[in-house]
Structure formats: C-alpha cells, structure tokens
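Undergrad: I'm passing along protein02.csv; it holds CSV, C-alpha atoms.
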```
chain,number,residue,atom,x,y,z
A,1,MET,CA,75.5,117.1,-264.6
A,2,SER,CA,78.2,114.4,-265.0
A,3,ARG,CA,77.9,111.0,-263.5
A,4,LYS,CA,80.8,111.6,-261.1
A,5,PHE,CA,79.3,114.7,-259.7
A,6,ALA,CA,76.0,113.0,-259.1
A,7,THR,CA,77.7,110.2,-257.2
A,8,PHE,CA,79.6,112.7,-255.1
A,9,VAL,CA,76.4,114.5,-254.2
A,10,ALA,CA,74.6,111.3,-253.3
A,11,THR,CA,77.5,110.2,-251.1
A,12,GLY,CA,77.5,113.6,-249.3
A,13,VAL,CA,73.8,113.4,-248.6
A,14,ALA,CA,74.1,109.9,-247.3
A,15,LEU,CA,77.0,111.0,-245.0
A,16,ALA,CA,74.9,113.9,-243.8
A,17,ILE,CA,72.0,111.7,-242.9
A,18,VAL,CA,74.3,109.3,-241.0
A,19,VAL,CA,76.0,112.1,-239.1
A,20,GLY,CA,72.6,113.6,-238.3
A,21,SER,CA,71.3,110.3,-236.9
A,22,LEU,CA,74.3,109.8,-234.8
A,23,LEU,CA,74.0,113.3,-233.4
A,24,ALA,CA,70.3,112.8,-232.6
A,25,LEU,CA,71.0,109.5,-230.8
A,26,ALA,CA,73.8,111.1,-228.7
A,27,LEU,CA,71.6,114.0,-227.7
A,28,GLY,CA,68.8,111.6,-226.7
A,29,HIS,CA,71.0,109.7,-224.3
A,30,SER,CA,72.3,112.9,-222.7
A,31,ARG,CA,68.9,114.1,-221.5
A,32,ALA,CA,67.9,113.4,-217.9
A,33,PRO,CA,64.8,111.1,-217.3
A,34,LYS,CA,61.6,112.7,-216.1
A,35,PRO,CA,61.1,112.3,-212.3
A,36,ALA,CA,58.5,110.0,-211.0
A,37,VAL,CA,55.4,111.4,-209.3
A,38,ALA,CA,56.3,112.3,-205.8
A,39,THR,CA,54.6,110.5,-202.8
A,40,THR,CA,54.8,110.6,-199.0
A,41,GLN,CA,53.7,107.0,-198.6
A,42,THR,CA,56.5,104.6,-197.8
A,43,SER,CA,56.5,101.2,-199.3
A,44,ALA,CA,56.6,99.5,-195.8
A,45,THR,CA,56.1,100.6,-192.2
A,46,PRO,CA,59.0,99.5,-190.0
A,47,THR,CA,58.1,97.4,-187.0
A,48,VAL,CA,59.1,99.3,-183.8
A,49,THR,CA,58.6,97.9,-180.2
A,50,PRO,CA,57.0,100.7,-178.2
A,51,THR,CA,58.6,101.7,-174.9
A,52,GLN,CA,56.3,101.7,-171.8
A,53,THR,CA,55.3,105.1,-170.6
A,54,PRO,CA,56.0,105.4,-166.9
A,55,ILE,CA,53.0,106.2,-164.7
A,56,VAL,CA,53.4,109.4,-162.9
A,57,ASN,CA,53.2,109.2,-159.1
A,58,ALA,CA,52.5,105.4,-159.2
A,59,PRO,CA,53.1,103.7,-155.9
A,60,PRO,CA,56.2,101.6,-155.8
A,61,THR,CA,55.6,97.9,-156.2
A,62,THR,CA,57.3,95.9,-153.4
A,63,HIS,CA,57.7,92.2,-153.4
A,64,HIS,CA,58.2,90.5,-150.1
A,65,THR,CA,59.2,86.9,-149.4
A,66,PRO,CA,56.3,85.4,-147.5
A,67,ALA,CA,57.0,85.1,-143.8
A,68,PRO,CA,57.5,81.6,-142.5
A,69,ASP,CA,55.2,80.0,-139.8
A,70,PRO,CA,56.5,81.6,-136.6
A,71,THR,CA,55.9,78.4,-134.5
A,72,ALA,CA,56.8,75.6,-136.9
A,73,ALA,CA,60.4,75.1,-136.1
A,74,LEU,CA,59.9,75.7,-132.3
A,75,ALA,CA,57.1,73.1,-132.1
A,76,ALA,CA,58.7,70.5,-134.4
A,77,GLY,CA,58.5,66.9,-133.3
A,78,ASN,CA,56.7,66.0,-130.1
A,79,LYS,CA,57.8,69.0,-128.0
A,80,LYS,CA,55.5,70.2,-125.2
A,81,VAL,CA,55.6,73.9,-126.0
A,82,LEU,CA,53.0,76.6,-125.4
A,83,PHE,CA,53.2,80.1,-127.0
A,84,LEU,CA,52.2,83.0,-124.7
A,85,SER,CA,51.1,86.1,-126.5
A,86,PHE,CA,50.1,89.5,-125.1
A,87,ASP,CA,48.1,92.1,-127.0
A,88,ASP,CA,47.4,95.9,-126.8
A,89,GLY,CA,50.6,97.1,-125.2
A,90,PRO,CA,53.2,98.2,-124.5
A,91,ASP,CA,51.8,99.6,-121.3
A,92,PRO,CA,54.1,101.4,-118.8
A,93,LEU,CA,52.5,99.7,-115.8
A,94,TRP,CA,51.6,96.2,-116.9
A,95,THR,CA,54.2,95.3,-119.5
A,96,PRO,CA,57.1,95.6,-117.1
A,97,ARG,CA,55.2,93.5,-114.5
A,98,ILE,CA,54.5,90.8,-117.0
A,99,LEU,CA,58.2,90.8,-118.1
A,100,GLN,CA,59.2,90.2,-114.4
A,101,ILE,CA,56.8,87.2,-114.1
A,102,LEU,CA,58.1,85.7,-117.4
A,103,THR,CA,61.8,86.1,-116.2
A,104,LYS,CA,60.9,84.6,-112.8
A,105,HIS,CA,59.6,81.4,-114.4
A,106,GLY,CA,62.1,81.2,-117.3
A,107,ALA,CA,59.4,81.8,-119.9
A,108,HIS,CA,59.3,84.0,-123.0
A,109,ALA,CA,56.4,85.4,-125.0
A,110,THR,CA,55.4,87.4,-128.1
A,111,PHE,CA,54.0,90.9,-127.6
A,112,PHE,CA,51.6,92.0,-130.3
A,113,GLU,CA,52.0,95.8,-129.9
A,114,LEU,CA,50.0,98.8,-131.1
A,115,GLY,CA,51.9,101.5,-133.0
A,116,SER,CA,50.1,104.2,-131.0
A,117,MET,CA,51.2,102.6,-127.7
A,118,GLN,CA,54.8,102.2,-129.0
A,119,ALA,CA,54.9,105.9,-129.9
A,120,ALA,CA,53.4,107.0,-126.5
A,121,HIS,CA,55.7,104.8,-124.4
A,122,PRO,CA,59.2,104.8,-126.1
A,123,GLY,CA,61.7,102.4,-124.6
A,124,LEU,CA,59.3,99.7,-123.6
A,125,ARG,CA,59.8,97.9,-127.0
A,126,GLU,CA,63.5,97.6,-126.2
A,127,GLN,CA,62.8,96.2,-122.7
A,128,VAL,CA,60.6,93.5,-124.3
A,129,LEU,CA,63.3,92.5,-126.8
A,130,ALA,CA,66.1,92.7,-124.2
A,131,ALA,CA,64.4,90.1,-122.1
A,132,GLY,CA,64.4,87.6,-125.0
A,133,ASN,CA,60.9,88.1,-126.2
A,134,THR,CA,59.6,89.0,-129.6
A,135,ILE,CA,57.3,91.6,-131.0
A,136,GLY,CA,54.4,91.3,-133.4
A,137,SER,CA,52.3,94.0,-135.0
A,138,HIS,CA,48.7,94.5,-133.7
A,139,SER,CA,48.0,97.5,-136.0
A,140,ILE,CA,48.4,101.2,-135.2
A,141,THR,CA,45.1,102.1,-133.5
A,142,HIS,CA,43.3,98.8,-133.0
A,143,PRO,CA,40.5,99.2,-135.5
A,144,GLN,CA,38.4,96.4,-137.0
A,145,LEU,CA,40.3,96.0,-140.3
A,146,THR,CA,37.4,94.3,-142.1
A,147,ALA,CA,35.3,97.4,-141.7
A,148,LEU,CA,37.9,99.9,-143.1
A,149,PRO,CA,38.3,101.3,-146.6
A,150,ALA,CA,41.2,99.8,-148.4
A,151,ALA,CA,43.6,102.8,-147.9
A,152,LYS,CA,43.1,102.9,-144.1
A,153,ARG,CA,43.3,99.2,-143.8
A,154,ARG,CA,46.6,99.1,-145.6
A,155,HIS,CA,47.9,102.0,-143.5
A,156,GLU,CA,47.1,100.1,-140.3
A,157,ILE,CA,48.9,97.0,-141.6
A,158,PHE,CA,51.9,98.4,-143.5
A,159,ASP,CA,52.7,101.3,-141.1
A,160,GLY,CA,52.3,99.5,-137.8
A,161,PRO,CA,55.1,98.0,-135.6
A,162,LYS,CA,57.8,96.3,-137.7
A,163,SER,CA,57.6,92.5,-137.5
A,164,THR,CA,57.0,89.4,-139.6
A,165,CYS,CA,53.9,88.5,-137.5
A,166,TYR,CA,50.6,90.3,-137.6
A,167,ARG,CA,47.5,89.8,-135.4
A,168,PRO,CA,44.4,91.6,-136.6
A,169,PRO,CA,42.5,93.4,-133.8
A,170,TYR,CA,39.6,91.3,-132.6
A,171,GLY,CA,40.8,88.5,-134.8
A,172,ALA,CA,38.7,90.1,-137.5
A,173,SER,CA,40.1,89.0,-140.9
A,174,ASN,CA,39.0,88.2,-144.4
A,175,PRO,CA,40.7,87.5,-147.8
A,176,LYS,CA,41.6,91.2,-148.3
A,177,VAL,CA,43.1,91.6,-144.8
A,178,ARG,CA,45.1,88.4,-145.3
A,179,ALA,CA,46.3,89.6,-148.7
A,180,ASP,CA,47.5,92.9,-147.3
A,181,ILE,CA,49.3,91.2,-144.5
A,182,LYS,CA,51.1,88.9,-146.9
A,183,ALA,CA,51.9,91.9,-149.2
A,184,ALA,CA,53.5,93.6,-146.2
A,185,GLY,CA,55.8,90.6,-145.7
A,186,MET,CA,54.0,89.3,-142.7
A,187,ILE,CA,52.0,86.2,-141.7
A,188,GLN,CA,48.7,86.4,-139.8
A,189,VAL,CA,48.9,84.9,-136.3
A,190,LEU,CA,45.7,84.4,-134.3
A,191,TRP,CA,45.4,82.1,-131.2
A,192,ASP,CA,44.1,78.7,-130.0
A,193,VAL,CA,43.1,79.5,-126.4
A,194,ASP,CA,41.4,82.7,-125.2
A,195,PRO,CA,41.2,82.6,-121.3
A,196,ARG,CA,39.1,85.8,-121.5
A,197,ASP,CA,41.5,87.8,-119.3
A,198,TRP,CA,40.3,90.9,-121.2
A,199,ALA,CA,36.9,90.6,-119.4
A,200,ARG,CA,38.6,90.4,-116.0
A,201,PRO,CA,36.6,87.3,-114.8
A,202,GLY,CA,38.9,86.7,-111.8
A,203,THR,CA,42.5,85.3,-111.4
A,204,ASN,CA,41.4,81.7,-110.7
A,205,THR,CA,39.0,81.7,-113.7
A,206,ILE,CA,41.9,82.8,-116.0
A,207,VAL,CA,44.1,80.0,-114.6
A,208,HIS,CA,41.3,77.4,-114.9
A,209,ASN,CA,40.7,78.4,-118.5
A,210,ILE,CA,44.4,78.0,-119.5
A,211,LEU,CA,44.8,74.7,-117.7
A,212,ASN,CA,41.7,73.2,-119.1
A,213,HIS,CA,42.1,74.3,-122.7
A,214,ALA,CA,45.8,74.7,-123.5
A,215,HIS,CA,47.5,71.8,-125.3
A,216,ARG,CA,50.9,71.3,-126.8
A,217,ARG,CA,51.8,73.8,-129.5
A,218,ASN,CA,48.8,76.1,-128.7
A,219,ILE,CA,49.0,79.9,-128.8
A,220,ILE,CA,47.5,81.5,-125.7
A,221,LEU,CA,45.9,84.9,-125.9
A,222,LEU,CA,46.5,87.3,-123.0
A,223,HIS,CA,46.8,91.1,-122.7
A,224,ASP,CA,49.4,93.6,-121.3
A,225,GLY,CA,47.4,96.7,-122.3
A,226,GLY,CA,43.9,98.0,-122.8
A,227,GLY,CA,43.0,98.4,-119.1
A,228,ASP,CA,43.6,97.0,-115.6
A,229,ARG,CA,45.7,93.8,-116.1
A,230,SER,CA,46.3,92.9,-112.5
A,231,GLN,CA,44.3,89.7,-112.8
A,232,THR,CA,46.4,88.7,-115.9
A,233,VAL,CA,49.7,89.3,-114.0
A,234,ALA,CA,48.4,87.2,-111.0
A,235,ALA,CA,47.1,84.4,-113.1
A,236,LEU,CA,50.4,84.2,-115.1
A,237,ASP,CA,52.3,83.9,-111.8
A,238,LYS,CA,50.1,81.0,-110.8
A,239,VAL,CA,49.8,79.1,-114.0
A,240,LEU,CA,53.3,79.1,-115.3
A,241,PRO,CA,54.8,76.8,-112.5
A,242,LEU,CA,51.8,74.4,-112.9
A,243,LEU,CA,52.4,74.1,-116.7
A,244,LYS,CA,56.2,73.8,-116.2
A,245,SER,CA,55.5,70.9,-113.8
A,246,GLN,CA,53.7,69.2,-116.7
A,247,GLY,CA,56.8,69.5,-118.9
A,248,TYR,CA,55.8,72.6,-120.9
A,249,THR,CA,58.3,75.2,-122.1
A,250,PHE,CA,57.5,78.7,-123.4
A,251,PRO,CA,59.5,80.0,-126.3
A,252,ALA,CA,58.8,83.2,-128.0
A,253,MET,CA,57.5,82.9,-131.6
A,254,ASN,CA,59.9,83.7,-134.5
A,255,CYS,CA,58.5,87.1,-135.4
```
Render the structure in this file as structure tokens.
TA:
Amino acid sequence: MSRKFATFVATGVALAIVVGSLLALALGHSRAPKPAVATTQTSATPTVTPTQTPIVNAPPTTHHTPAPDPTAALAAGNKKVLFLSFDDGPDPLWTPRILQILTKHGAHATFFELGSMQAAHPGLREQVLAAGNTIGSHSITHPQLTALPAAKRRHEIFDGPKSTCYRPPYGASNPKVRADIKAAGMIQVLWDVDPRDWARPGTNTIVHNILNHAHRRNIILLHDGGGDRSQTVAALDKVLPLLKSQGYTFPAMNC
C-alpha cells in the first residue's frame, strides 16, 4: 500500500471519530432529564389567619351605656328636695288617688311598677306619665331576685317595665343582681327612708316617720299597690303641705 493511500485512510478514520463524537454529544444534550422523586410535602406551610366560626343560637351581646344617677342633677347644690317613690303598682284604685294628691300639692314622684300589674291594668302607666311623673321597674312578679336561678333573675330584670331605674323587690340585691341591672342598661335605686306604710301602722305613724327621718335629697319609700293603701293616701295628703312649708320640693327622678 502506497504512503498516500495510508495517509488518506488515516485521515478518513480520524474524521469518522470526530463526526461520531459530535453526534454522540448532540444526542446526549437532546435527552430529557430524569424526573425527581415525587413528594406531597410542601417546602413551607403558608400562614393563614383562621376565621372565627359563629356560635349557633348564641344570645346576642348587647352593650348599654350605664344609666346615670337619677337624682344627681335634681339634687345638685344645696337644694331642699325629697324624692317620693311608690312601689308595687299600678293599682286601679290607689294609683289614681295618689296621683290626685300629688297634683293637689304640686308634687311629683317615681312609680316603681310591676310588669304583671302593668299588663293587668293597661292605661295606668300613661296616666302616671301624663301627670309629670316617671316610672321605674320593680320586676315582673315581685320575686326575691337573690334567690332565683340566673335565667329567671335575668328575665325579671330584662323583661320588666322599661326604664333606666330598677328597684329590686324587698331591696334584696347582691353583685349578680347589680351586674344584671347594669347589663340591662339600668341603675339600682333603693331608698333612704321607709315609713313602713306597707305594714299599715296608722296614718299618723306614717306621717311621723317621714317627718322625723326624711332629710334633703332622701328617697322615701311608699306603696301604691300590694293591698289597702288608704293610710298611705291619707298620710301623703297630710305630710306634703308640712314638708312644703319647710321649703322642700318633690321632683320625679330621672328614670
């Protein structure tokens, strides 16, 4: 074999090797990579603020502005005022008679009424208000609130006569009663002087008790319901002119 032919063959082999290498390289780049191992675990858990789930049949939350002191503005300064209050009505016999005595002497009062009595005697509430008096709540049925289960206690407070003043029956109160009264948007109103007219001790005794114990800005407890109030009516007619002669006035509480 001549030298030229040998050189030609060697060159051809070299070319073939180069071409083959180029083809292999091209084929290698054209193949897709193997997929990574699949996983359901995410690299990070996103932070999500949960939404509150509403409570089914939850009672509505009501926020009331606390009621102001019903006597503060009326008794400001050195005023000689007394606050007459009547419990347990309205009564179809005694409430109108007491209203007549109050009008006769230019006095006003606050009537702490029972829801059951309001329902039994419709129209008397309007008569009390029309005469310039105010109405407080005295519960629905006059129970001792401190002895009631929570649900019944709240019913007697929240569902009684509408007012911003509440007088618990018998004056029986405790932190739970006061908290419920406040939650209902009312203020507890008790009394300073109890002439014991509810016991019917006699007209003159009722008058004596008021004259000897009532001082300026006092709240006086009387009754227009719950039994025979003829002594209360007679005592009121006697004591009002005596107190007026001492300079006292009788505004209704802001209830």
Undergrad: Can you tell me, as a PyMOL selection string, what residues are no more than 12 Å from Thr249 of chain A when counting all atoms listed in the file, ignoring any on the same chain fewer than 2 positions away?
TA: chain A and resi 74-75+79-84+102+105-109+215-218+240-247+251-252
Undergrad: Quick one: residues within 12 Å of segment 183-187 of chain A, only C-alpha atoms, excluding same-chain residues fewer than 6 positions away - as number ranges by chain?
TA: A: 61-71, 136-138, 153-168, 176-177, 253-255
Undergrad: Go ahead and write the selection's residues with C-alpha atoms as a short mmCIF file (atom, residue, chain, number, x, y, z; two decimals), keeping the file's coordinate frame.
TA:
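As written to disk, selection.cif reads:
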```cif
data_model
loop_
_atom_site.label_atom_id
_atom_site.label_comp_id
_atom_site.auth_asym_id
_atom_site.auth_seq_id
_atom_site.Cartn_x
_atom_site.Cartn_y
_atom_site.Cartn_z
CA THR A 61 55.60 97.90 -156.20
CA THR A 62 57.30 95.90 -153.40
CA HIS A 63 57.70 92.20 -153.40
CA HIS A 64 58.20 90.50 -150.10
CA THR A 65 59.20 86.90 -149.40
CA PRO A 66 56.30 85.40 -147.50
CA ALA A 67 57.00 85.10 -143.80
CA PRO A 68 57.50 81.60 -142.50
CA ASP A 69 55.20 80.00 -139.80
CA PRO A 70 56.50 81.60 -136.60
CA THR A 71 55.90 78.40 -134.50
CA GLY A 136 54.40 91.30 -133.40
CA SER A 137 52.30 94.00 -135.00
CA HIS A 138 48.70 94.50 -133.70
CA ARG A 153 43.30 99.20 -143.80
CA ARG A 154 46.60 99.10 -145.60
CA HIS A 155 47.90 102.00 -143.50
CA GLU A 156 47.10 100.10 -140.30
CA ILE A 157 48.90 97.00 -141.60
CA PHE A 158 51.90 98.40 -143.50
CA ASP A 159 52.70 101.30 -141.10
CA GLY A 160 52.30 99.50 -137.80
CA PRO A 161 55.10 98.00 -135.60
CA LYS A 162 57.80 96.30 -137.70
CA SER A 163 57.60 92.50 -137.50
CA THR A 164 57.00 89.40 -139.60
CA CYS A 165 53.90 88.50 -137.50
CA TYR A 166 50.60 90.30 -137.60
CA ARG A 167 47.50 89.80 -135.40
CA PRO A 168 44.40 91.60 -136.60
CA LYS A 176 41.60 91.20 -148.30
CA VAL A 177 43.10 91.60 -144.80
CA MET A 253 57.50 82.90 -131.60
CA ASN A 254 59.90 83.70 -134.50
CA CYS A 255 58.50 87.10 -135.40
#
```
Undergrad: What's around Thr95 of chain A at 7 Å? Count all atoms listed in the file, leave out sequence neighbours fewer than 5 positions away in its own chain, and write the answer as a VMD selection string.
TA: chain A and resid 89 to 90 224
Undergrad: Work out how far atom CA of Ala73 of chain A is from atom CA of His223 of chain A, in Å to one decimal.
TA: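 Computing the Euclidean distance for atom CA of His223 of chain A and atom CA of Ala73 of chain A yields 24.9 Å.
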Undergrad: Please, what distance in Å, to one decimal, runs between atom CA of Pro169 of chain A and atom CA of Met117 of chain A?
TA: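 Taking atom CA of Pro169 of chain A as the start and atom CA of Met117 of chain A as the end point, the length is 14.1 Å.
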Undergrad: Check the smallest atom-to-atom distance from each of A:Phe111, A:Tyr248, A:Trp191, A:Trp198 to Gly171 of chain A using only C-alpha atoms, then report the winner.
TA: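 Checking each candidate against Gly171 of chain A, we get A:Trp191 as the closest.
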Undergrad: What does the distance between atom CA of Arg196 of chain A and atom CA of Gly123 of chain A come to in Å, to one decimal place?
TA: 28.2 Å
Undergrad: For a quick check of understanding, using all atoms listed in the file, which of A:Thr203, A:Thr232, A:Gln100, A:Thr146 has the smallest distance to Pro175 of chain A?
TA: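 Result for the nearest residue to Pro175 of chain A: A:Thr146.
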Undergrad: Start from the incomplete input, build all heavy atoms for segment 220-231 of chain A, and deliver everything as a tab-separated table (two decimals), in the coordinates of the input.
TA:
```tsv
chain	number	residue	atom	x	y	z
A	220	ILE	N	48.37	80.98	-126.77
A	220	ILE	CA	47.50	81.50	-125.70
A	220	ILE	C	47.37	82.99	-125.82
A	220	ILE	O	48.39	83.69	-125.87
A	220	ILE	CB	47.97	81.05	-124.33
A	220	ILE	CG1	48.05	79.52	-124.24
A	220	ILE	CG2	47.06	81.59	-123.23
A	220	ILE	CD1	48.71	79.02	-122.97
A	221	LEU	N	46.18	83.51	-125.84
A	221	LEU	CA	45.90	84.90	-125.90
A	221	LEU	C	45.77	85.56	-124.55
A	221	LEU	O	44.91	85.15	-123.76
A	221	LEU	CB	44.63	85.19	-126.74
A	221	LEU	CG	44.10	86.63	-126.77
A	221	LEU	CD1	45.05	87.54	-127.51
A	221	LEU	CD2	42.71	86.67	-127.38
A	222	LEU	N	46.61	86.55	-124.28
A	222	LEU	CA	46.50	87.30	-123.00
A	222	LEU	C	46.75	88.80	-123.40
A	222	LEU	O	46.97	89.13	-124.57
A	222	LEU	CB	47.57	86.85	-122.02
A	222	LEU	CG	47.37	85.41	-121.49
A	222	LEU	CD1	48.64	84.88	-120.84
A	222	LEU	CD2	46.19	85.36	-120.52
A	223	HIS	N	46.70	89.68	-122.39
A	223	HIS	CA	46.80	91.10	-122.70
A	223	HIS	C	47.71	91.81	-121.66
A	223	HIS	O	47.64	91.53	-120.45
A	223	HIS	CB	45.41	91.77	-122.64
A	223	HIS	CG	44.50	91.27	-123.72
A	223	HIS	ND1	43.84	90.05	-123.64
A	223	HIS	CD2	44.16	91.82	-124.91
A	223	HIS	CE1	43.12	89.87	-124.74
A	223	HIS	NE2	43.29	90.93	-125.53
A	224	ASP	N	48.53	92.72	-122.18
A	224	ASP	CA	49.40	93.60	-121.30
A	224	ASP	C	48.97	95.02	-121.43
A	224	ASP	O	49.64	95.90	-120.88
A	224	ASP	CB	50.85	93.38	-121.59
A	224	ASP	CG	51.24	93.88	-122.98
A	224	ASP	OD1	50.44	93.72	-123.93
A	224	ASP	OD2	52.37	94.40	-123.13
A	225	GLY	N	47.89	95.30	-122.17
A	225	GLY	CA	47.40	96.70	-122.30
A	225	GLY	C	45.90	96.67	-122.44
A	225	GLY	O	45.24	95.63	-122.36
A	226	GLY	N	45.32	97.88	-122.57
A	226	GLY	CA	43.90	98.00	-122.80
A	226	GLY	C	43.09	98.06	-121.48
A	226	GLY	O	41.87	97.86	-121.50
A	227	GLY	N	43.72	98.31	-120.35
A	227	GLY	CA	43.00	98.40	-119.10
A	227	GLY	C	43.73	97.78	-117.93
A	227	GLY	O	44.94	97.50	-118.03
A	228	ASP	N	43.04	97.53	-116.86
A	228	ASP	CA	43.60	97.00	-115.60
A	228	ASP	C	43.96	95.48	-115.92
A	228	ASP	O	43.08	94.66	-116.15
A	228	ASP	CB	42.60	97.07	-114.51
A	228	ASP	CG	43.14	96.54	-113.18
A	228	ASP	OD1	44.20	95.87	-113.18
A	228	ASP	OD2	42.49	96.77	-112.15
A	229	ARG	N	45.25	95.15	-115.86
A	229	ARG	CA	45.70	93.80	-116.10
A	229	ARG	C	46.28	93.10	-114.89
A	229	ARG	O	47.09	92.17	-114.99
A	229	ARG	CB	46.73	93.77	-117.27
A	229	ARG	CG	46.16	94.30	-118.58
A	229	ARG	CD	44.96	93.49	-119.02
A	229	ARG	NE	44.23	94.09	-120.14
A	229	ARG	CZ	42.95	93.93	-120.36
A	229	ARG	NH1	42.21	93.22	-119.51
A	229	ARG	NH2	42.37	94.50	-121.39
A	230	SER	N	45.82	93.52	-113.73
A	230	SER	CA	46.30	92.90	-112.50
A	230	SER	C	45.94	91.45	-112.40
A	230	SER	O	46.72	90.62	-111.90
A	230	SER	CB	45.79	93.69	-111.26
A	230	SER	OG	44.37	93.71	-111.27
A	231	GLN	N	44.74	91.07	-112.87
A	231	GLN	CA	44.30	89.70	-112.80
A	231	GLN	C	45.22	88.83	-113.79
A	231	GLN	O	45.55	87.68	-113.48
A	231	GLN	CB	42.87	89.52	-113.24
A	231	GLN	CG	41.90	90.11	-112.22
A	231	GLN	CD	40.45	89.91	-112.63
A	231	GLN	OE1	40.13	89.14	-113.53
A	231	GLN	NE2	39.53	90.61	-111.96
```
